[in-house]
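Chemist: Please read through the structure below; I'll follow up with questions.
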Amino acid sequence: MSVVSAVRFMLAAAAASVAILALVYGDYAPAWHAFPAWIPGRKLCVEGLATALLAASAALCVHRTAIAGLWGIGVYYVIWAVIASAPIFAAPFSIGAWYGSVEALSALAGVALLGSAPPFALRTAQAVFGLTCVFYGWSHFVYADYTASMVPAWLPGRLAVAYFTGACHMAAGLALIAGIMPRLAATLEAVMMSLFGLLVWVPTLLISDKPKWATPPQNQWSELVVNLVLASAAWIVALSFKRRQPPLMGR
């Protein structure tokens with residue numbers, strides 16, 4: 001399997017995991033409780049959109065239907081970005097209020113870079129992903145103690161690790177925005193995001209004494225799924241600097 005195909009399947013797996021999460025918990029994932037309650041047949045809408053996302057994920061794995069699948073995933077992520085923006089209006093200066101929408105923007109950048117778009121649009125998507133990385137780094141400093149609590153206990157200097165990873169996020173983001181060794185920056189960001197999942201979220205599924213930030217199970221699974229979505233987007237960004245044409249159209 002080529003690197004291009006592997007990244008495409010990774011995006012499909014990430015989107016499928018979001019759909020399964022929504023179907024299991026009966027709410028729009030991963031923006032919990034944000035889907036407007038006044039919409040008639042709310043539960044049916046949530047389940048219908050999740051089923052459509054699952055179908056789009058499967059379509060992305062088949063080259064003939066990949067573009068349609070990518071569009072379907074993109075639409076779901078746009079809705080995610082919109083409904084996750086609700087807290088921003090209540091607390092526009094809160095980092096936490098922006099987090100859901102920023103994560104959706106990271107995911108959308110990956111979708112845009114995997115599809116067919118003019119060079120200006122591709123460069124914009126790369127810069128947008130860079131901006132979201134700067135945001136993640138900033139949040140590590142604002143919520144340093146909370147971030148440190150998620151660092152595996154066997155690592156020394158957990159607070160220092162929180163600050164270091166925050167600085168790495170910001171450095172990678174600024175490099176992507178400025179175009180300074182962007183492929184290396186995106187690759188290192190993708191590696192770091194992938195390690196977060198392997199060292200933080202996956203291990204918490206295997207222990208009985210869950211830390212406070214890993215409860216309830218709905219939130220724990222949501223964090224793991226979002227990590228997969230962000231990591232897949234980061235790998236797509238890294239690959240986008242390697243090829244002249246969009247990866248999906250190349251194979």
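Simple scheme: letters A, B, ... for chains in structure tokens order, numbers from 1 for residues in each chain, numbers from 1 for ligands in the order shown.
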Any chance you could tabulate, as a tab-separated table, the residues of stretch 134-234 of chain A at most 10 Å from stretch 124-128 of chain A with each one's nearest atom pair and distance in Å to one decimal, using only C-alpha atoms, in chain and rising number order?

Modeler:
```
residue	atom	partner	partner_atom	distance
A:Val134	CA	A:Val128	CA	9.9
A:Gly173	CA	A:Ala127	CA	8.0
A:Leu174	CA	A:Ala127	CA	8.7
A:Ala175	CA	A:Ala127	CA	9.2
A:Leu176	CA	A:Ala127	CA	5.9
A:Ile177	CA	A:Ala127	CA	4.6
A:Ala178	CA	A:Ala127	CA	8.1
A:Gly179	CA	A:Ala127	CA	8.6
A:Pro182	CA	A:Gln126	CA	9.0
A:Ala186	CA	A:Gln126	CA	9.2
A:Ala234	CA	A:Gln126	CA	9.7
```

Chemist: Hey, can you spit out that residue selection with N, CA and C atoms as an mmCIF file, in the first residue's frame?

Modeler:
```
data_model
loop_
_atom_site.group_PDB
_atom_site.id
_atom_site.type_symbol
_atom_site.label_atom_id
_atom_site.label_comp_id
_atom_site.auth_asym_id
_atom_site.auth_seq_id
_atom_site.Cartn_x
_atom_site.Cartn_y
_atom_site.Cartn_z
ATOM 1 N N VAL A 134 -0.961 26.603 16.366
ATOM 2 C CA VAL A 134 -0.585 27.690 17.279
ATOM 3 C C VAL A 134 -1.598 27.765 18.424
ATOM 4 N N GLY A 173 3.240 25.296 13.984
ATOM 5 C CA GLY A 173 2.215 26.135 13.368
ATOM 6 C C GLY A 173 2.793 27.355 12.688
ATOM 7 N N LEU A 174 3.706 28.033 13.365
ATOM 8 C CA LEU A 174 4.326 29.226 12.785
ATOM 9 C C LEU A 174 5.147 28.878 11.554
ATOM 10 N N ALA A 175 5.820 27.712 11.583
ATOM 11 C CA ALA A 175 6.598 27.275 10.420
ATOM 12 C C ALA A 175 5.679 27.006 9.227
ATOM 13 N N LEU A 176 4.520 26.425 9.480
ATOM 14 C CA LEU A 176 3.566 26.164 8.402
ATOM 15 C C LEU A 176 3.014 27.466 7.825
ATOM 16 N N ILE A 177 2.721 28.410 8.674
ATOM 17 C CA ILE A 177 2.181 29.692 8.217
ATOM 18 C C ILE A 177 3.222 30.458 7.405
ATOM 19 N N ALA A 178 4.459 30.453 7.885
ATOM 20 C CA ALA A 178 5.528 31.215 7.223
ATOM 21 C C ALA A 178 6.162 30.460 6.063
ATOM 22 N N GLY A 179 5.896 29.152 5.980
ATOM 23 C CA GLY A 179 6.495 28.367 4.910
ATOM 24 C C GLY A 179 7.965 28.059 5.143
ATOM 25 N N PRO A 182 8.238 23.696 5.944
ATOM 26 C CA PRO A 182 6.878 23.294 6.315
ATOM 27 C C PRO A 182 6.655 21.785 6.340
ATOM 28 N N ALA A 186 5.266 19.916 9.568
ATOM 29 C CA ALA A 186 4.013 19.165 9.533
ATOM 30 C C ALA A 186 4.236 17.707 9.931
ATOM 31 N N ALA A 234 -3.076 15.929 10.185
ATOM 32 C CA ALA A 234 -1.672 16.345 10.232
ATOM 33 C C ALA A 234 -0.827 15.569 9.226
#
```

Chemist: Using only C-alpha atoms, which protein or nucleic acid residues come within 9 Å of stretch 111-115 of chain A? Drop anything in the same chain fewer than 3 positions from it, and give the result as a VMD selection string.

Modeler: chain A and resid 8 11 67 70 to 71 73 to 74 106 to 108 121 to 123 125 to 126 233 236 to 237 240 246 to 249

Chemist: Restricting the calculation to only C-alpha atoms, which member of A:Pro118, A:Gly166, A:Pro216, A:Pro152 is positioned closest to A:Cys133?

Modeler: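 Checking each of A:Pro118, A:Gly166, A:Pro216, A:Pro152 against A:Cys133, counting only C-alpha atoms, the winner is A:Gly166.
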
Chemist: Would you compute the distance between atom CA of A:Leu198 and atom CA of A:Leu105? Give it in Å to one decimal.

Modeler: 22.8 Å

Chemist: Which residue is closest to A:Ala185? Choose from A:Leu44, A:Val24, A:Leu239, A:Val226 and count only C-alpha atoms.

Modeler: A:Leu239

Chemist: May I have the residues within 7 Å of A:Arg183 as a PDB file with C-alpha atoms, in the first residue's frame, using only C-alpha atoms and disregarding those fewer than 4 positions away in the same chain?

Modeler:
```pdb
ATOM      1  CA  THR A 187       5.662  15.739   9.848  1.00  0.00           C
ATOM      2  CA  ALA A 238       2.727  16.681   5.751  1.00  0.00           C
ATOM      3  CA  PHE A 241       4.155  19.384   0.810  1.00  0.00           C
TER       4      PHE A 241
END
```

Chemist: So which one's closest to A:Ala50, A:Ala171, A:Ala16, A:Val78, A:Val7? Using only C-alpha atoms, please.

Modeler: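 Closest to A:Ala50 of all the choices is A:Ala16.
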
Chemist: When DSSP works through the backbone of this structure, what residues of stretch 4-235 of chain A end up as alpha helix (DSSP H), shown as a PyMOL selection string?

Modeler: chain A and resi 4-25+42-60+66-83+86-90+95-114+119-142+144-150+158-178+182-196+202-205+217-235

Chemist: Excluding A:Leu23 and residues on its chain fewer than 2 positions from it, collect all residues at most 8 Å away from it, counting only C-alpha atoms, and give them as a ChimeraX atom specification.

Modeler: /A:19-21,25-27,46-47,50-51

Chemist: Could the residues in this selection be written to a file with N, CA and C atoms, as a PDB file, in the first residue's frame?

Modeler:
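Result file is selection.pdb:
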```
ATOM      1  N   ALA A  19     -18.511   8.743  13.217  1.00  0.00           N
ATOM      2  CA  ALA A  19     -19.875   8.291  12.940  1.00  0.00           C
ATOM      3  C   ALA A  19     -20.326   7.242  13.952  1.00  0.00           C
ATOM      4  N   ILE A  20     -19.459   6.276  14.249  1.00  0.00           N
ATOM      5  CA  ILE A  20     -19.797   5.225  15.211  1.00  0.00           C
ATOM      6  C   ILE A  20     -20.019   5.821  16.593  1.00  0.00           C
ATOM      7  N   LEU A  21     -19.195   6.791  16.962  1.00  0.00           N
ATOM      8  CA  LEU A  21     -19.343   7.461  18.254  1.00  0.00           C
ATOM      9  C   LEU A  21     -20.723   8.113  18.367  1.00  0.00           C
ATOM     10  N   TYR A  25     -23.700   6.858  21.104  1.00  0.00           N
ATOM     11  CA  TYR A  25     -24.151   7.744  22.179  1.00  0.00           C
ATOM     12  C   TYR A  25     -25.371   8.591  21.799  1.00  0.00           C
ATOM     13  N   GLY A  26     -25.808   8.501  20.545  1.00  0.00           N
ATOM     14  CA  GLY A  26     -27.036   9.170  20.146  1.00  0.00           C
ATOM     15  C   GLY A  26     -26.980  10.679  20.157  1.00  0.00           C
ATOM     16  N   ASP A  27     -25.784  11.256  19.905  1.00  0.00           N
ATOM     17  CA  ASP A  27     -25.652  12.708  19.846  1.00  0.00           C
ATOM     18  C   ASP A  27     -24.624  13.054  18.781  1.00  0.00           C
ATOM     19  N   VAL A  46     -29.510  13.338  13.864  1.00  0.00           N
ATOM     20  CA  VAL A  46     -28.178  12.947  14.334  1.00  0.00           C
ATOM     21  C   VAL A  46     -27.792  11.589  13.765  1.00  0.00           C
ATOM     22  N   GLU A  47     -28.723  10.630  13.851  1.00  0.00           N
ATOM     23  CA  GLU A  47     -28.436   9.284  13.368  1.00  0.00           C
ATOM     24  C   GLU A  47     -28.305   9.251  11.843  1.00  0.00           C
ATOM     25  N   ALA A  50     -24.928  10.701  10.941  1.00  0.00           N
ATOM     26  CA  ALA A  50     -23.872   9.750  11.303  1.00  0.00           C
ATOM     27  C   ALA A  50     -23.809   8.603  10.298  1.00  0.00           C
ATOM     28  N   THR A  51     -24.971   8.122   9.881  1.00  0.00           N
ATOM     29  CA  THR A  51     -25.017   7.039   8.894  1.00  0.00           C
ATOM     30  C   THR A  51     -24.456   7.512   7.551  1.00  0.00           C
TER      31      THR A  51
END
```

Chemist: For each of A:Ala148, A:Leu49, A:Ala81, A:Val4, take the minimum atom-to-atom distance to A:His63, counting only C-alpha atoms, then give the residue where this is smallest.

Modeler: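 Closest to A:His63, using only C-alpha atoms: A:Val4.
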
Chemist: Separation of atom CA of A:Leu53 and atom CA of A:Ala29, in Å?

Modeler: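 Computing the Euclidean distance for atom CA of A:Leu53 and atom CA of A:Ala29 yields 11.0 Å.
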